[in-house]
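In what follows, a structure is listed as structure tokens, so that the remarks can point back to it.
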Amino acid sequence: MKWLLLAIIVVSTVLGDVLQSYEMKRSGVQEVTARGLGRLLKTIAQRKFLILAIGFMAVSFFAFMALLQRADLSFAVPASAATFVCETLLAKFILKEAVGMRRAGGAMLVLAGVLLLAR
């Protein structure tokens with residue numbers, strides 16, 4: 001059950017983060033003033049992918065709470081770091097972000113750590 005919960009956490013976190021990044025880049029920079037906050041809330045309400053991202057983040061949050069009931073925090077947090085690897089790949093190939101060798105190497109080190117936990 002803990003591996004299923006971990007998979008739910010990873011998939012929902014990755015989808016939530018990628019969708020959020022996509023929509024926020026489309027909406028442009030928002031001011032952090034009372035007026036800017038109102039505009040940001042309006043943007044959130046109008047962007048279906050952003051609303052979907054919030055839903056995925058909620059799924060991830062509740063799955064993480066369930067995982068903590070079944071596994072140690074020292075397992076749950078490092079294992080859920082697999083999101084870094086997936087998000088780095090999706091940022092490069094879906095969002096067309098520049099991912100240099102240093103960032104890719106860091107993601108591979110995280111992957112190595114996650115694989116060590118799996119054993």
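We name chains A, B, ... following the order of the structure tokens; residues begin at 1 in each chain, and ligands are numbered from 1 as shown.
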Query - DSSP helix (DSSP H, G or I) selection over chain A, as a PyMOL selection string - result: chain A and resi 2-27+34-46+48-70+73-80+82-93+101-118
Query raised in the report: Which residues, written as an MDAnalysis selection string, have at least one atom at most 12 Å from Val10 of chain A, with only C-alpha atoms counted and residues fewer than 4 positions away on the same chain left out?
Result: chainID A and resid 3:6 14:17 56:57 59:61 63:64 67 76:87 114
Query raised in the report: segment 102-104 of chain A: which residues within 9 Å, counting only C-alpha atoms, same-chain residues fewer than 3 positions away excluded, as a list in words?
Result: Val85, Thr88, Leu89, Val99, Ala107, Met108 and Leu109 of chain A
Dump as a short mmCIF file (atom, residue, chain, number, x, y, z; two decimals), in the first residue's frame, selection limited to all heavy atoms:
```
data_model
loop_
_atom_site.label_atom_id
_atom_site.label_comp_id
_atom_site.auth_asym_id
_atom_site.auth_seq_id
_atom_site.Cartn_x
_atom_site.Cartn_y
_atom_site.Cartn_z
N VAL A 85 12.87 14.31 -10.44
CA VAL A 85 13.34 13.72 -11.68
C VAL A 85 12.28 13.86 -12.77
O VAL A 85 12.56 14.32 -13.88
CB VAL A 85 13.71 12.23 -11.47
CG1 VAL A 85 14.17 11.59 -12.77
CG2 VAL A 85 14.77 12.10 -10.38
N THR A 88 11.81 17.50 -13.83
CA THR A 88 12.92 17.99 -14.65
C THR A 88 12.75 17.53 -16.09
O THR A 88 12.93 18.32 -17.03
CB THR A 88 14.27 17.51 -14.09
OG1 THR A 88 14.40 17.99 -12.74
CG2 THR A 88 15.43 18.01 -14.91
N LEU A 89 12.37 16.27 -16.28
CA LEU A 89 12.16 15.75 -17.64
C LEU A 89 10.99 16.46 -18.33
O LEU A 89 11.09 16.86 -19.49
CB LEU A 89 11.91 14.24 -17.59
CG LEU A 89 13.11 13.38 -17.22
CD1 LEU A 89 12.68 11.94 -16.97
CD2 LEU A 89 14.17 13.45 -18.30
N VAL A 99 17.34 22.91 -19.57
CA VAL A 99 17.83 22.10 -18.46
C VAL A 99 19.28 21.75 -18.77
O VAL A 99 19.56 20.94 -19.65
CB VAL A 99 16.99 20.81 -18.27
CG1 VAL A 99 17.57 19.95 -17.17
CG2 VAL A 99 15.54 21.17 -17.98
N ALA A 107 19.34 15.93 -10.80
CA ALA A 107 18.14 15.07 -10.85
C ALA A 107 18.52 13.60 -10.86
O ALA A 107 17.86 12.77 -10.22
CB ALA A 107 17.31 15.42 -12.09
N MET A 108 19.60 13.26 -11.53
CA MET A 108 20.06 11.86 -11.56
C MET A 108 20.57 11.42 -10.18
O MET A 108 20.37 10.27 -9.79
CB MET A 108 21.15 11.66 -12.61
CG MET A 108 20.66 11.80 -14.05
SD MET A 108 19.32 10.65 -14.45
CE MET A 108 17.92 11.74 -14.50
N LEU A 109 21.19 12.33 -9.44
CA LEU A 109 21.61 11.99 -8.07
C LEU A 109 20.40 11.74 -7.18
O LEU A 109 20.41 10.83 -6.35
CB LEU A 109 22.48 13.11 -7.49
CG LEU A 109 23.89 13.22 -8.06
CD1 LEU A 109 24.59 14.47 -7.51
CD2 LEU A 109 24.70 11.97 -7.71
#
```
Report task. Could you check which of A:Val110, A:Leu90, A:Leu116, A:Ile8 is closest to Ala58 of chain A, using only C-alpha atoms? Result ->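 Checking each of A:Val110, A:Leu90, A:Leu116, A:Ile8 against Ala58 of chain A, counting only C-alpha atoms, the winner is A:Ile8.
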Query raised in the report: For the atom pair atom CA of Thr13 of chain A and atom CA of Ala66 of chain A, what is the interatomic distance in Å to one decimal place?
Result: 14.9 Å
**Report entry** Residues within 9 Å of segment 20-30 of chain A, only C-alpha atoms, excluding chain neighbours under 2 positions, as a PyMOL selection string
**Finding:** chain A and resi 15-18+32-33+36-37+39-40+43-44+47-54+95
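Here atom CA of Ser74 of chain A and atom CA of Phe62 of chain A stand 17.9 Å from one another.
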Report task. Using atom CA of Met101 of chain A and atom CA of Phe75 of chain A as the two end points, give the distance in Å to one decimal. Result ->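 Computing the Euclidean distance for atom CA of Met101 of chain A and atom CA of Phe75 of chain A yields 27.8 Å.
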